[in-house]
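Q: After the structure tokens below, expect a handful of questions from me.
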Amino acid sequence: MATLTIGRRTMREFYRMLDTGSVNTIYQPVVPIAGSPAIGYEALSRGPVPALASPLTLFALASHASVAPRLDQLCCRRALENFPMKEQSDVLIFINLLPETLELGAVDADKLSAWAQANGLTPGRVVLEITERAMANPSRFYAQVARLRQAGFRFAVDDIGTGYSNLSLLSDLVPEFFKLDLDFVQLTRARPVRQLLVEMLVRFAGQIGAMIVAEGIESSADAEVFRLLGVHLAQGFLYCPA
């Protein structure tokens, strides 16, 4: 992993952003793979200055400063506040959360319910995207998940197909959505073995009542491959070129 080079000015801007809450949010549509109207939008956080424009940079800085749950909490709250589709009652919002954010209670059922209610959103419209990382206290994480589920929130497992092992998270979390990582997706058309893996995931998702989202769809040819494999939802440049 490349070493992060951090300038003092960048760190000052980062802490100023945390103190003022000045996180911006863009929303990427999650659409039926045939391209019909969006069923939801994934919230993607950006800092207020160019040096903090990348979410990878934001969370690398947060990890370096040991404040990742604090940043995650801020991004989650801002995603709900800034959501432009609040009045469309059938449109979902997908929000990324780190497992440690739930473990430590920076976001929990009470906080998230209050933020959702304040912004006119029912819990069933909020999908929490989790990427598997090392957990200090898995039992605490799953206890928080249980409370969030009881409150009506839904879950997605993100980045399936990366170097992380998502099988345990898929089986233990039992999410409503599986999200295939864009790097995995973009090579699937040329690699039949990957297509077999997608077919297996589609069958598994169907058995537990989940839906699969293919991220990073850039061409109609890629969209057609995943449609034929049984994937119903997609994100990517094909649907949101801006």
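So you can find residues: chains in the structure tokens are A, B, ... in the order shown, residues in each start at 1, and ligands are numbered from 1 in order.
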Just list as a ChimeraX atom specification whatever in segment 31-181 of chain A DSSP marks as alpha helix (DSSP H).
A: /A:55-64,68-82,99-103,109-118,138-151,167-173
Q: Any idea what's packed within 6 Å of segment 210-212 of chain A, counting only C-alpha atoms, ignoring anything in its chain fewer than 2 positions away? Could you give it as a PyMOL selection string?
A: chain A and resi 176-179+205-206+208+231
Q: For Arg140 of chain A, which of A:Thr101, A:Ser219, A:Gln207, A:Thr10 is the closest residue, counting only C-alpha atoms?
A: A:Thr101
Q: Using only C-alpha atoms for the distances, tell me which of A:Ala109, A:Val91, A:Val127, A:Val23 is nearest to Leu71 of chain A.
A: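 Ranked by minimum distance to Leu71 of chain A, first place goes to A:Val23.
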Q: Using backbone DSSP assignments, extract all strand (DSSP E) residues from segment 3-226 of chain A; output them as a PyMOL selection string.
A: chain A and resi 24-32+40-46+92-97+126-130+154-160+177-180+211-214
Q: Could you pull the residues within 9 Å of segment 53-64 of chain A, counting only C-alpha atoms, minus those fewer than 5 positions along the same chain, as a list in words?
A: Leu4, Ile6, Met11, Phe14, Leu44, Ser45, Arg46, Gly47, Pro48, Pro69, Arg70, Leu71 and Asp72 of chain A
Q: Could you jot down the atom CA of Cys76 of chain A to atom CA of Gln150 of chain A separation for me, Å, one decimal place?
A: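 Those two atoms sit 19.2 Å apart.
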Q: What gap, in Å, lies between atom CA of Gly120 of chain A and atom CA of Glu87 of chain A?
A: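 So the two atoms, atom CA of Gly120 of chain A and atom CA of Glu87 of chain A, lie 7.6 Å apart.
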Q: Near His232 of chain A, counting only C-alpha atoms, which residues have an atom at most 10 Å away, once you skip same-chain residues fewer than 2 positions from it, shown as a list in words?
A: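 Those residues are Val31, Pro32, Ile33, Ala34, Val202, Met211, Ile212, Val213, Ala214, Ala223, Phe226, Arg227, Leu228, Leu229, Gly230 and Ala234 of chain A.
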Q: Create the file for the chosen residues now, containing C-alpha atoms and written as a PDB file, in the first residue's frame.
A:
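Saved to part_38.pdb:
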ATOM      1  CA  VAL A  31     -30.979   1.929 -11.777  1.00  0.00           C
ATOM      2  CA  PRO A  32     -32.566  -1.139 -13.348  1.00  0.00           C
ATOM      3  CA  ILE A  33     -29.928  -2.493 -15.705  1.00  0.00           C
ATOM      4  CA  ALA A  34     -32.182  -1.765 -18.693  1.00  0.00           C
ATOM      5  CA  VAL A 202     -27.456 -14.295  -8.455  1.00  0.00           C
ATOM      6  CA  MET A 211     -30.808  -8.012  -5.263  1.00  0.00           C
ATOM      7  CA  ILE A 212     -27.435  -7.546  -6.958  1.00  0.00           C
ATOM      8  CA  VAL A 213     -26.079  -4.190  -8.135  1.00  0.00           C
ATOM      9  CA  ALA A 214     -23.286  -4.168 -10.740  1.00  0.00           C
ATOM     10  CA  ALA A 223     -24.894  -3.993 -19.245  1.00  0.00           C
ATOM     11  CA  PHE A 226     -24.979  -8.659 -16.610  1.00  0.00           C
ATOM     12  CA  ARG A 227     -28.606  -8.562 -17.715  1.00  0.00           C
ATOM     13  CA  LEU A 228     -28.213 -12.004 -19.272  1.00  0.00           C
ATOM     14  CA  LEU A 229     -26.540 -13.227 -16.075  1.00  0.00           C
ATOM     15  CA  GLY A 230     -29.626 -12.209 -14.106  1.00  0.00           C
ATOM     16  CA  ALA A 234     -26.551  -1.200 -11.986  1.00  0.00           C
TER      17      ALA A 234
END
Q: What is the atom CA of Glu199 of chain A to atom CA of Leu233 of chain A distance in Å?
A: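 Rounded to one decimal, the two atoms are 14.3 Å apart.
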Q: Point out the residue among A:Thr162, A:Val225, A:Ala106, A:Glu218 with the least atom-to-atom distance to Pro241 of chain A, counting only C-alpha atoms.
A: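 Between A:Thr162, A:Val225, A:Ala106, A:Glu218, the residue approaching Pro241 of chain A most closely is A:Glu218.
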Q: Could you tell me which of A:Gly161, A:Pro175, A:Gly40, A:Gly35 comes closest to Thr188 of chain A if we count only C-alpha atoms?
A: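 Answer, going by the shortest atom-to-atom distance: A:Gly161.
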Q: With only C-alpha atoms as the basis for distance, which of A:Glu42, A:Asp90, A:Asp110, A:Glu103 is at the shortest distance from Arg125 of chain A?
A: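 Of all the options, A:Asp90 lies closest to Arg125 of chain A.
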Q: Between A:Gly7, A:Pro99, A:Gly105, A:Gly236, which one has atoms that come closest to Val157 of chain A, using only C-alpha atoms?
A: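 Of the candidates, the smallest distance to Val157 of chain A is held by A:Pro99.
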